[in-house]
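A.B. asks: Contents are CSV, C-alpha atoms; file name my_file.csv:
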```csv
chain,number,residue,atom,x,y,z
A,1,MET,CA,-16.3,17.1,-6.9
A,2,ASP,CA,-13.0,16.1,-5.2
A,3,THR,CA,-10.4,18.8,-4.6
A,4,VAL,CA,-6.7,18.1,-5.1
A,5,ASP,CA,-4.2,20.4,-3.4
A,6,TRP,CA,-1.1,21.7,-5.2
A,7,LEU,CA,2.2,22.8,-3.9
A,8,ASP,CA,5.0,24.5,-5.9
A,9,LEU,CA,8.4,23.8,-4.4
A,10,GLY,CA,10.1,26.0,-7.0
A,11,GLU,CA,13.8,25.6,-7.5
A,12,ILE,CA,14.9,22.9,-5.0
A,13,GLY,CA,17.4,20.1,-4.6
A,14,TYR,CA,16.2,16.8,-5.9
A,15,ASP,CA,16.9,15.0,-2.7
A,16,GLU,CA,15.1,17.6,-0.5
A,17,ALA,CA,12.1,17.5,-2.9
A,18,LEU,CA,12.0,13.7,-2.7
A,19,ASP,CA,12.0,13.8,1.1
A,20,ILE,CA,9.0,16.2,1.0
A,21,GLN,CA,7.3,14.0,-1.6
A,22,LEU,CA,7.8,10.9,0.6
A,23,SER,CA,6.5,12.6,3.7
A,24,LEU,CA,3.4,13.9,1.9
A,25,HIS,CA,2.9,10.5,0.3
A,26,GLY,CA,2.8,8.8,3.7
A,27,LYS,CA,0.2,11.3,4.9
A,28,CYS,CA,-1.9,10.7,1.8
A,29,TRP,CA,-2.0,6.9,2.0
A,30,ARG,CA,-2.7,7.0,5.8
A,31,GLY,CA,-5.6,9.3,5.0
A,32,LEU,CA,-4.1,12.2,7.0
A,33,ARG,CA,-4.3,14.6,4.1
A,34,ARG,CA,-6.0,14.9,0.7
A,35,ASP,CA,-4.4,14.2,-2.6
A,36,ILE,CA,-1.7,16.7,-3.7
A,37,VAL,CA,0.2,17.6,-6.8
A,38,ILE,CA,3.8,18.8,-6.3
A,39,PHE,CA,5.7,21.0,-8.8
A,40,GLN,CA,9.4,21.5,-8.8
A,41,ARG,CA,12.5,22.4,-10.8
A,42,ASN,CA,15.8,20.6,-10.1
A,43,GLU,CA,19.5,21.0,-10.5
A,44,PRO,CA,20.9,19.0,-13.5
A,45,LEU,CA,20.4,15.4,-12.6
A,46,ILE,CA,20.1,12.0,-14.3
A,47,THR,CA,17.6,9.7,-12.6
A,48,CYS,CA,17.6,6.0,-13.1
A,49,GLY,CA,14.3,4.2,-12.7
A,50,VAL,CA,13.9,0.6,-11.8
A,51,ASP,CA,14.2,-0.6,-15.4
A,52,SER,CA,17.3,1.5,-16.2
A,53,ASP,CA,20.1,0.2,-18.3
A,54,ARG,CA,23.3,2.0,-17.2
A,55,ASP,CA,24.6,1.8,-20.8
A,56,HIS,CA,22.0,4.5,-21.5
A,57,ILE,CA,24.2,7.0,-19.6
A,58,LEU,CA,26.6,7.9,-22.4
A,59,TRP,CA,28.9,10.3,-20.6
A,60,GLY,CA,31.6,9.1,-18.3
A,61,ASP,CA,31.9,10.4,-14.7
A,62,SER,CA,34.3,13.2,-15.5
A,63,LEU,CA,32.1,14.6,-18.3
A,64,LEU,CA,29.1,14.4,-16.0
A,65,ARG,CA,31.1,16.1,-13.2
A,66,GLU,CA,32.2,18.9,-15.5
A,67,ALA,CA,28.6,19.5,-16.6
A,68,GLY,CA,27.5,19.4,-13.0
A,69,ILE,CA,25.1,16.5,-13.6
A,70,ALA,CA,24.6,14.1,-10.7
A,71,VAL,CA,23.1,10.6,-11.0
A,72,ARG,CA,20.5,9.1,-8.7
A,73,GLU,CA,18.8,5.7,-8.5
A,74,VAL,CA,15.0,6.4,-8.0
A,75,GLN,CA,12.2,4.0,-7.1
A,76,ARG,CA,10.0,4.8,-10.1
A,77,GLY,CA,9.1,3.0,-13.3
A,78,GLY,CA,11.0,3.5,-16.5
A,79,GLY,CA,14.7,4.0,-17.5
A,80,VAL,CA,17.2,6.8,-17.5
A,81,THR,CA,15.9,10.3,-17.6
A,82,TYR,CA,17.5,13.8,-17.4
A,83,HIS,CA,16.1,16.5,-15.2
A,84,GLY,CA,17.4,20.1,-15.0
A,85,PRO,CA,16.7,23.8,-15.0
A,86,GLY,CA,14.2,24.7,-17.8
A,87,GLN,CA,12.0,21.8,-17.0
A,88,ILE,CA,8.8,21.6,-14.9
A,89,ILE,CA,8.5,18.4,-13.0
A,90,VAL,CA,5.0,17.5,-11.7
A,91,SER,CA,4.5,14.7,-9.2
A,92,PRO,CA,0.8,13.9,-8.4
A,93,LEU,CA,0.3,12.0,-5.1
A,94,LEU,CA,-3.1,10.6,-5.9
A,95,ARG,CA,-5.3,7.8,-4.7
A,96,PHE,CA,-5.5,7.2,-8.4
A,97,THR,CA,-8.2,4.6,-8.4
A,98,ARG,CA,-10.6,7.4,-7.5
A,99,TYR,CA,-10.1,8.7,-11.0
A,100,CYS,CA,-8.8,5.9,-13.2
A,101,ARG,CA,-9.4,2.1,-12.9
A,102,THR,CA,-5.8,1.1,-13.6
A,103,ALA,CA,-2.4,2.6,-13.2
A,104,HIS,CA,-1.9,2.6,-17.0
A,105,LEU,CA,-5.1,4.5,-17.6
A,106,TYR,CA,-3.8,6.9,-15.0
A,107,LEU,CA,-0.5,7.3,-17.0
A,108,ARG,CA,-2.5,7.8,-20.2
A,109,ALA,CA,-4.5,10.5,-18.4
A,110,LEU,CA,-1.4,12.3,-17.3
A,111,GLU,CA,-0.2,12.2,-20.9
A,112,GLU,CA,-3.5,13.7,-22.0
A,113,VAL,CA,-3.0,16.6,-19.6
A,114,MET,CA,0.4,17.3,-21.2
A,115,ILE,CA,-1.0,17.0,-24.7
A,116,ARG,CA,-3.8,19.5,-23.9
A,117,LEU,CA,-1.3,21.9,-22.2
A,118,LEU,CA,0.9,21.9,-25.2
A,119,GLY,CA,-2.1,22.5,-27.5
A,120,ARG,CA,-2.8,25.7,-25.6
A,121,PHE,CA,0.6,26.9,-26.7
A,122,GLY,CA,0.1,25.9,-30.3
A,123,VAL,CA,2.1,22.7,-30.1
A,124,ASN,CA,0.5,19.6,-31.7
A,125,ALA,CA,1.7,16.8,-29.4
A,126,GLU,CA,0.7,13.2,-29.4
A,127,ARG,CA,1.4,9.8,-27.9
A,128,VAL,CA,3.4,7.2,-29.8
A,129,CYS,CA,2.0,3.7,-29.8
A,130,GLY,CA,4.0,1.4,-27.5
A,131,LYS,CA,5.9,4.3,-25.8
A,132,SER,CA,5.1,6.4,-22.8
A,133,GLY,CA,5.5,10.1,-22.7
A,134,VAL,CA,4.4,12.8,-25.1
A,135,PHE,CA,6.0,13.4,-28.5
A,136,VAL,CA,6.1,16.1,-31.2
A,137,CYS,CA,6.6,15.4,-34.9
A,138,CYS,CA,9.8,17.0,-35.9
A,139,GLY,CA,11.2,17.2,-39.4
A,140,ALA,CA,10.2,16.0,-42.8
A,141,ASP,CA,11.1,12.4,-42.0
A,142,GLY,CA,8.3,12.2,-39.5
A,143,ARG,CA,10.6,11.6,-36.6
A,144,ARG,CA,8.9,12.1,-33.3
A,145,ASP,CA,10.9,13.8,-30.5
A,146,LYS,CA,10.0,13.5,-26.9
A,147,ILE,CA,8.9,16.7,-25.1
A,148,ALA,CA,7.5,15.3,-21.9
A,149,SER,CA,8.7,12.1,-20.1
A,150,ALA,CA,6.8,9.9,-17.6
A,151,GLY,CA,7.9,7.6,-14.8
A,152,LEU,CA,5.6,6.7,-11.9
A,153,SER,CA,5.4,4.6,-8.8
A,154,VAL,CA,2.4,3.3,-6.9
A,155,SER,CA,2.8,2.5,-3.2
A,156,HIS,CA,-0.1,1.8,-0.8
A,157,GLY,CA,-2.5,2.8,-3.6
A,158,VAL,CA,-1.0,6.3,-3.9
A,159,THR,CA,1.0,7.5,-6.9
A,160,MET,CA,4.4,9.2,-6.7
A,161,HIS,CA,6.7,10.8,-9.3
A,162,GLY,CA,5.0,11.7,-12.6
A,163,MET,CA,6.0,13.7,-15.6
A,164,SER,CA,8.5,16.3,-16.7
A,165,LEU,CA,8.0,18.8,-19.5
A,166,ASN,CA,10.9,20.4,-21.4
A,167,ILE,CA,10.3,24.2,-21.4
A,168,ASP,CA,13.8,25.6,-22.2
A,169,PRO,CA,16.4,23.2,-20.7
A,170,ASP,CA,20.0,23.0,-21.9
A,171,MET,CA,19.5,20.6,-24.7
A,172,ARG,CA,23.2,19.6,-24.7
A,173,HIS,CA,22.6,17.8,-21.4
A,174,PHE,CA,20.3,15.3,-23.1
A,175,GLU,CA,23.3,14.1,-25.1
A,176,ALA,CA,24.5,12.5,-21.8
A,177,ILE,CA,21.8,9.8,-22.0
A,178,VAL,CA,19.6,7.7,-24.3
A,179,ALA,CA,16.4,9.2,-22.9
A,180,CYS,CA,14.1,6.4,-21.7
A,181,GLY,CA,16.1,3.9,-23.8
A,182,LEU,CA,14.6,5.3,-27.0
A,183,TYR,CA,17.4,5.3,-29.6
A,184,GLU,CA,15.1,6.2,-32.4
A,185,SER,CA,13.6,9.4,-30.9
A,186,GLY,CA,15.2,12.7,-30.2
A,187,VAL,CA,14.3,15.2,-27.5
A,188,THR,CA,12.8,18.6,-28.0
A,189,SER,CA,11.5,21.5,-25.9
A,190,LEU,CA,9.0,24.3,-26.1
A,191,ALA,CA,11.8,26.8,-26.7
A,192,ALA,CA,13.3,24.6,-29.5
A,193,LEU,CA,9.8,24.7,-31.1
A,194,GLY,CA,9.8,28.5,-30.9
A,195,CYS,CA,7.4,28.7,-28.0
A,196,ALA,CA,8.3,31.2,-25.2
A,197,VAL,CA,6.5,29.8,-22.1
A,198,SER,CA,7.4,30.5,-18.5
A,199,TYR,CA,7.5,28.0,-15.7
A,200,GLY,CA,4.5,29.7,-14.1
A,201,GLN,CA,2.4,29.6,-17.3
A,202,ALA,CA,3.2,25.9,-17.8
A,203,ARG,CA,2.2,25.2,-14.2
A,204,ASP,CA,-1.0,27.1,-14.3
A,205,ALA,CA,-2.0,25.5,-17.7
A,206,TRP,CA,-1.2,22.0,-16.3
A,207,LEU,CA,-3.4,22.6,-13.3
A,208,GLU,CA,-6.3,23.8,-15.5
A,209,GLU,CA,-6.0,20.8,-17.9
A,210,PHE,CA,-5.5,18.4,-15.0
A,211,ALA,CA,-8.8,19.7,-13.4
A,212,GLY,CA,-10.6,19.0,-16.7
A,213,VAL,CA,-9.1,15.6,-17.5
A,214,PHE,CA,-9.5,14.3,-13.9
A,215,GLY,CA,-12.8,16.0,-13.1
A,216,VAL,CA,-11.4,17.6,-9.9
A,217,GLY,CA,-11.1,21.1,-8.4
A,218,VAL,CA,-7.6,22.3,-7.5
A,219,ALA,CA,-6.6,24.4,-4.6
A,220,ARG,CA,-3.2,25.8,-3.5
A,221,ALA,CA,-2.0,23.8,-0.4
A,222,GLY,CA,-2.5,25.5,2.9
A,223,PHE,CA,1.2,26.0,3.6
A,224,PRO,CA,3.6,28.3,1.7
A,225,ALA,CA,6.2,26.7,-0.4
A,226,SER,CA,8.8,28.6,1.4
A,227,THR,CA,7.9,26.9,4.7
A,228,ILE,CA,9.4,23.6,3.7
A,229,SER,CA,9.5,22.3,7.3
A,230,ASP,CA,5.6,22.4,7.2
A,231,CYS,CA,5.7,19.7,4.6
A,232,LYS,CA,8.0,17.4,6.6
A,233,GLY,CA,7.5,15.1,9.5
B,1,MET,CA,-5.1,-18.8,12.1
B,2,ALA,CA,-6.1,-18.2,8.5
B,3,MET,CA,-4.2,-18.4,5.3
B,4,VAL,CA,-4.2,-15.3,3.3
B,5,ASP,CA,-3.2,-15.1,-0.4
B,6,ILE,CA,-1.0,-12.3,-1.5
B,7,LEU,CA,-1.9,-11.4,-5.1
B,8,VAL,CA,-0.5,-9.1,-7.8
B,9,PRO,CA,-2.8,-6.0,-7.5
B,10,ASP,CA,-5.5,-5.6,-10.2
B,11,PHE,CA,-4.7,-2.0,-10.7
B,12,ALA,CA,-1.7,-3.1,-12.7
B,13,GLU,CA,-4.1,-4.6,-15.3
B,14,GLY,CA,-3.3,-3.4,-18.9
B,15,ALA,CA,0.5,-3.5,-18.4
B,16,LYS,CA,2.4,-5.3,-21.2
B,17,SER,CA,4.2,-7.2,-18.5
B,18,ILE,CA,4.7,-7.1,-14.8
B,19,LYS,CA,8.0,-8.2,-13.4
B,20,LEU,CA,8.7,-9.1,-9.8
B,21,LYS,CA,11.8,-7.1,-9.1
B,22,LYS,CA,12.6,-7.8,-5.5
B,23,TRP,CA,11.3,-9.6,-2.4
B,24,LEU,CA,11.7,-7.6,0.8
B,25,VAL,CA,10.7,-10.6,3.0
B,26,LYS,CA,11.4,-14.3,3.1
B,27,ALA,CA,9.4,-17.3,4.3
B,28,GLY,CA,9.1,-17.2,8.1
B,29,ASP,CA,9.3,-13.4,8.4
B,30,SER,CA,6.6,-11.7,10.5
B,31,VAL,CA,4.9,-8.8,8.7
B,32,LYS,CA,2.4,-6.1,9.6
B,33,LYS,CA,-0.6,-5.0,7.5
B,34,ASP,CA,0.5,-2.5,4.9
B,35,ASP,CA,4.2,-3.5,5.1
B,36,VAL,CA,5.7,-3.4,1.6
B,37,ILE,CA,6.8,-7.0,1.0
B,38,ALA,CA,7.7,-6.9,-2.7
B,39,GLU,CA,8.6,-4.5,-5.5
B,40,ALA,CA,7.3,-5.1,-9.0
B,41,ALA,CA,7.4,-3.0,-12.2
B,42,THR,CA,5.5,-2.6,-15.3
B,43,ASP,CA,6.4,-0.4,-18.3
B,44,LYS,CA,7.0,3.0,-16.7
B,45,ILE,CA,5.3,2.2,-13.3
B,46,SER,CA,6.9,0.7,-10.3
B,47,VAL,CA,4.4,-1.0,-8.0
B,48,ASP,CA,4.8,-1.9,-4.3
B,49,ILE,CA,3.0,-5.0,-3.1
B,50,GLU,CA,1.9,-4.7,0.5
B,51,SER,CA,0.8,-7.2,3.1
B,52,PRO,CA,-3.0,-7.3,3.4
B,53,ALA,CA,-2.8,-8.4,7.1
B,54,ASP,CA,-0.5,-9.0,10.1
B,55,GLY,CA,1.0,-12.4,10.1
B,56,LYS,CA,3.9,-14.7,9.1
B,57,VAL,CA,5.0,-15.3,5.5
B,58,THR,CA,4.7,-19.0,4.9
B,59,ALA,CA,5.7,-19.2,1.2
B,60,LEU,CA,7.0,-17.1,-1.6
B,61,LEU,CA,5.6,-18.5,-4.9
B,62,ALA,CA,7.5,-16.5,-7.5
B,63,ASP,CA,11.1,-15.7,-8.0
B,64,GLU,CA,12.7,-12.3,-8.5
B,65,GLY,CA,12.8,-11.6,-12.2
B,66,ASP,CA,9.7,-13.7,-12.9
B,67,ARG,CA,6.9,-12.3,-15.1
B,68,VAL,CA,3.7,-12.3,-13.1
B,69,GLU,CA,0.0,-11.7,-14.0
B,70,VAL,CA,-2.6,-9.5,-12.4
B,71,GLY,CA,-4.4,-11.5,-9.7
B,72,GLU,CA,-1.6,-14.2,-9.6
B,73,LYS,CA,-0.9,-15.5,-6.1
B,74,ILE,CA,2.8,-14.8,-5.3
B,75,ALA,CA,2.9,-15.5,-1.6
B,76,GLU,CA,1.0,-16.9,1.3
B,77,LEU,CA,0.6,-15.5,4.8
B,78,GLU,CA,-0.5,-17.1,8.0
B,79,ALA,CA,-2.6,-14.4,9.6
```
Turn this file's structure into structure tokens for me.
C.D. replies:
Amino acid sequence: MDTVDWLDLGEIGYDEALDIQLSLHGKCWRGLRRDIVIFQRNEPLITCGVDSDRDHILWGDSLLREAGIAVREVQRGGGVTYHGPGQIIVSPLLRFTRYCRTAHLYLRALEEVMIRLLGRFGVNAERVCGKSGVFVCCGADGRRDKIASAGLSVSHGVTMHGMSLNIDPDMRHFEAIVACGLYESGVTSLAALGCAVSYGQARDAWLEEFAGVFGVGVARAGFPASTISDCKG
Amino acid sequence: MAMVDILVPDFAEGAKSIKLKKWLVKAGDSVKKDDVIAEAATDKISVDIESPADGKVTALLADEGDRVEVGEKIAELEA
């Protein structure tokens, strides 16, 4: 059984976390280290993937500035997404063809990890045909709100970026965007559904479900998250 | 000298569509094995296309913005 490392960067600036991710990605595809999953939480930030429509950022610069929300272009698939405190962001750097034949099967497997994680906390989550991410049925009208978003990249056969799960973010910040271009779906969170889950609980549940879905062992990476310089260079 | 085809990688199979977003090289450029030469995107996944060998790009066979298929030849390299 393969073992995948994991590293929790905790609360960290998006740009710094991306530098670490890029450095570790380079080591993975060059065969200098084994696959690794990175967890992080970010400052309020809108990221724009390669298929972003800038019209999906609904707030103007001054509103975004007042709310302390920065905007970044990111080399990942998908559209406009919000990240911020109260989310867990998980970025697996995997030679994914070891586990899934195609990139889209890999994406479906990541969604499955989230669905199983949410099931542990009593949330019945699902995929919606033709859309990526994980949704929860909210309200009598059958509307499905997104609780976990996905956006990936593959370079040199190794994945980057991944998924984010809304634990208890400031839901007003989602009003700044049309999340992933989905006008017909809302956004929800574990807290909004009445589930009190900590960041650590979500991370540990994700790791256990990831190990089951991907058929791997997981091990904490051999350098402490506080020693960020160990991850660079 | 050998001609090497540069293909859309098969791991992108299953995507609703694959769009060639950007060329990072032009005909006549020298490249090294593993250099990223193009960026493509499917729904939710961006995909780098790398050079399979050292050599010189002799032809780009698709335009930025084109929809391309898994396995489609999008460039040629003289290795």
A.B. asks: Set the cut-off to 6 Å and count only C-alpha atoms: what are the residues of chain A that reach chain B? Output as a ChimeraX atom specification.
C.D. replies: /A:76-78,102-103,151-155
A.B. asks: Print the selection's residues with C-alpha atoms to a file, as a PDB file, in the frame of the given file.
C.D. replies:
```pdb
ATOM      1  CA  ARG A  76      10.000   4.800 -10.100  1.00  0.00           C
ATOM      2  CA  GLY A  77       9.100   3.000 -13.300  1.00  0.00           C
ATOM      3  CA  GLY A  78      11.000   3.500 -16.500  1.00  0.00           C
ATOM      4  CA  THR A 102      -5.800   1.100 -13.600  1.00  0.00           C
ATOM      5  CA  ALA A 103      -2.400   2.600 -13.200  1.00  0.00           C
ATOM      6  CA  GLY A 151       7.900   7.600 -14.800  1.00  0.00           C
ATOM      7  CA  LEU A 152       5.600   6.700 -11.900  1.00  0.00           C
ATOM      8  CA  SER A 153       5.400   4.600  -8.800  1.00  0.00           C
ATOM      9  CA  VAL A 154       2.400   3.300  -6.900  1.00  0.00           C
ATOM     10  CA  SER A 155       2.800   2.500  -3.200  1.00  0.00           C
TER      11      SER A 155
END
```
A.B. asks: Taking all atoms of region 1-11 of chain B that appear in the file, build a box with edges along x, y and z, extend it by 3 Å on every side, and state its centre and edge lengths in Å to one decimal, as JSON.
C.D. replies:
```
{"center_x": -3.3, "center_y": -10.4, "center_z": 0.7, "size_x": 11.6, "size_y": 22.8, "size_z": 28.8}
```
A.B. asks: Work out how far CA of Val80 (chain A) is from CA of Asp51 (chain A), in Å to one decimal.
C.D. replies: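 A separation of 8.3 Å between them.
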A.B. asks: Give me the residues near region 24-38 of chain A as number ranges by chain, where near means some atom within 12 Å (using all atoms listed in the file) and where sequence neighbours in that chain fewer than 5 positions away do not count.
C.D. replies: A: 2-10, 12, 17-19, 88-99, 110, 153-164, 203, 206-207, 210-211, 216-222, 225, 228-233; B: 34
A.B. asks: Work out how far apart CA of Arg120 (chain A) and CA of Gln201 (chain A) are and give it in Å to one decimal.
C.D. replies: 10.5 Å
A.B. asks: Given only C-alpha atoms as the basis, pick out the residue of B:Val8, B:Ile18, B:Ala79, B:Met1 nearest to Arg67 (chain B).
C.D. replies: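 Comparing B:Val8, B:Ile18, B:Ala79, B:Met1 against Arg67 (chain B), the winner is B:Ile18.
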A.B. asks: Which distance in Å separates CA of Asp53 (chain A) and CA of Gln40 (chain A), to one decimal?
C.D. replies: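 Spanning CA of Asp53 (chain A) to CA of Gln40 (chain A) is a straight-line distance of 25.7 Å.
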A.B. asks: Missing atoms in region 42-54 of chain A need filling: write out N, CA and C atoms for it as a PDB file, in the coordinates of the input.
C.D. replies:
```
ATOM      1  N   ASN A  42      14.614  21.208 -10.767  1.00  0.00           N
ATOM      2  CA  ASN A  42      15.800  20.600 -10.100  1.00  0.00           C
ATOM      3  C   ASN A  42      17.088  21.135 -10.746  1.00  0.00           C
ATOM      4  N   GLU A  43      18.158  20.873 -10.006  1.00  0.00           N
ATOM      5  CA  GLU A  43      19.500  21.000 -10.500  1.00  0.00           C
ATOM      6  C   GLU A  43      19.687  19.946 -11.634  1.00  0.00           C
ATOM      7  N   PRO A  44      20.706  20.076 -12.491  1.00  0.00           N
ATOM      8  CA  PRO A  44      20.900  19.000 -13.500  1.00  0.00           C
ATOM      9  C   PRO A  44      21.166  17.668 -12.858  1.00  0.00           C
ATOM     10  N   LEU A  45      20.425  16.695 -13.317  1.00  0.00           N
ATOM     11  CA  LEU A  45      20.400  15.400 -12.600  1.00  0.00           C
ATOM     12  C   LEU A  45      19.943  14.322 -13.606  1.00  0.00           C
ATOM     13  N   ILE A  46      20.594  13.174 -13.565  1.00  0.00           N
ATOM     14  CA  ILE A  46      20.100  12.000 -14.300  1.00  0.00           C
ATOM     15  C   ILE A  46      19.475  11.076 -13.251  1.00  0.00           C
ATOM     16  N   THR A  47      18.214  10.705 -13.459  1.00  0.00           N
ATOM     17  CA  THR A  47      17.600   9.700 -12.600  1.00  0.00           C
ATOM     18  C   THR A  47      17.464   8.407 -13.286  1.00  0.00           C
ATOM     19  N   CYS A  48      17.698   7.345 -12.535  1.00  0.00           N
ATOM     20  CA  CYS A  48      17.600   6.000 -13.100  1.00  0.00           C
ATOM     21  C   CYS A  48      16.479   5.262 -12.426  1.00  0.00           C
ATOM     22  N   GLY A  49      15.441   4.979 -13.187  1.00  0.00           N
ATOM     23  CA  GLY A  49      14.300   4.200 -12.700  1.00  0.00           C
ATOM     24  C   GLY A  49      14.612   2.760 -12.539  1.00  0.00           C
ATOM     25  N   VAL A  50      13.632   1.983 -12.118  1.00  0.00           N
ATOM     26  CA  VAL A  50      13.900   0.600 -11.800  1.00  0.00           C
ATOM     27  C   VAL A  50      14.217  -0.282 -13.001  1.00  0.00           C
ATOM     28  N   ASP A  51      13.914   0.205 -14.199  1.00  0.00           N
ATOM     29  CA  ASP A  51      14.200  -0.600 -15.400  1.00  0.00           C
ATOM     30  C   ASP A  51      15.397   0.048 -16.182  1.00  0.00           C
ATOM     31  N   SER A  52      16.248   0.782 -15.485  1.00  0.00           N
ATOM     32  CA  SER A  52      17.300   1.500 -16.200  1.00  0.00           C
ATOM     33  C   SER A  52      18.420   0.551 -16.663  1.00  0.00           C
ATOM     34  N   ASP A  53      18.954   0.893 -17.800  1.00  0.00           N
ATOM     35  CA  ASP A  53      20.100   0.200 -18.300  1.00  0.00           C
ATOM     36  C   ASP A  53      21.273   1.278 -18.228  1.00  0.00           C
ATOM     37  N   ARG A  54      22.277   0.967 -17.414  1.00  0.00           N
ATOM     38  CA  ARG A  54      23.300   2.000 -17.200  1.00  0.00           C
ATOM     39  C   ARG A  54      24.087   2.313 -18.485  1.00  0.00           C
TER      40      ARG A  54
END
```
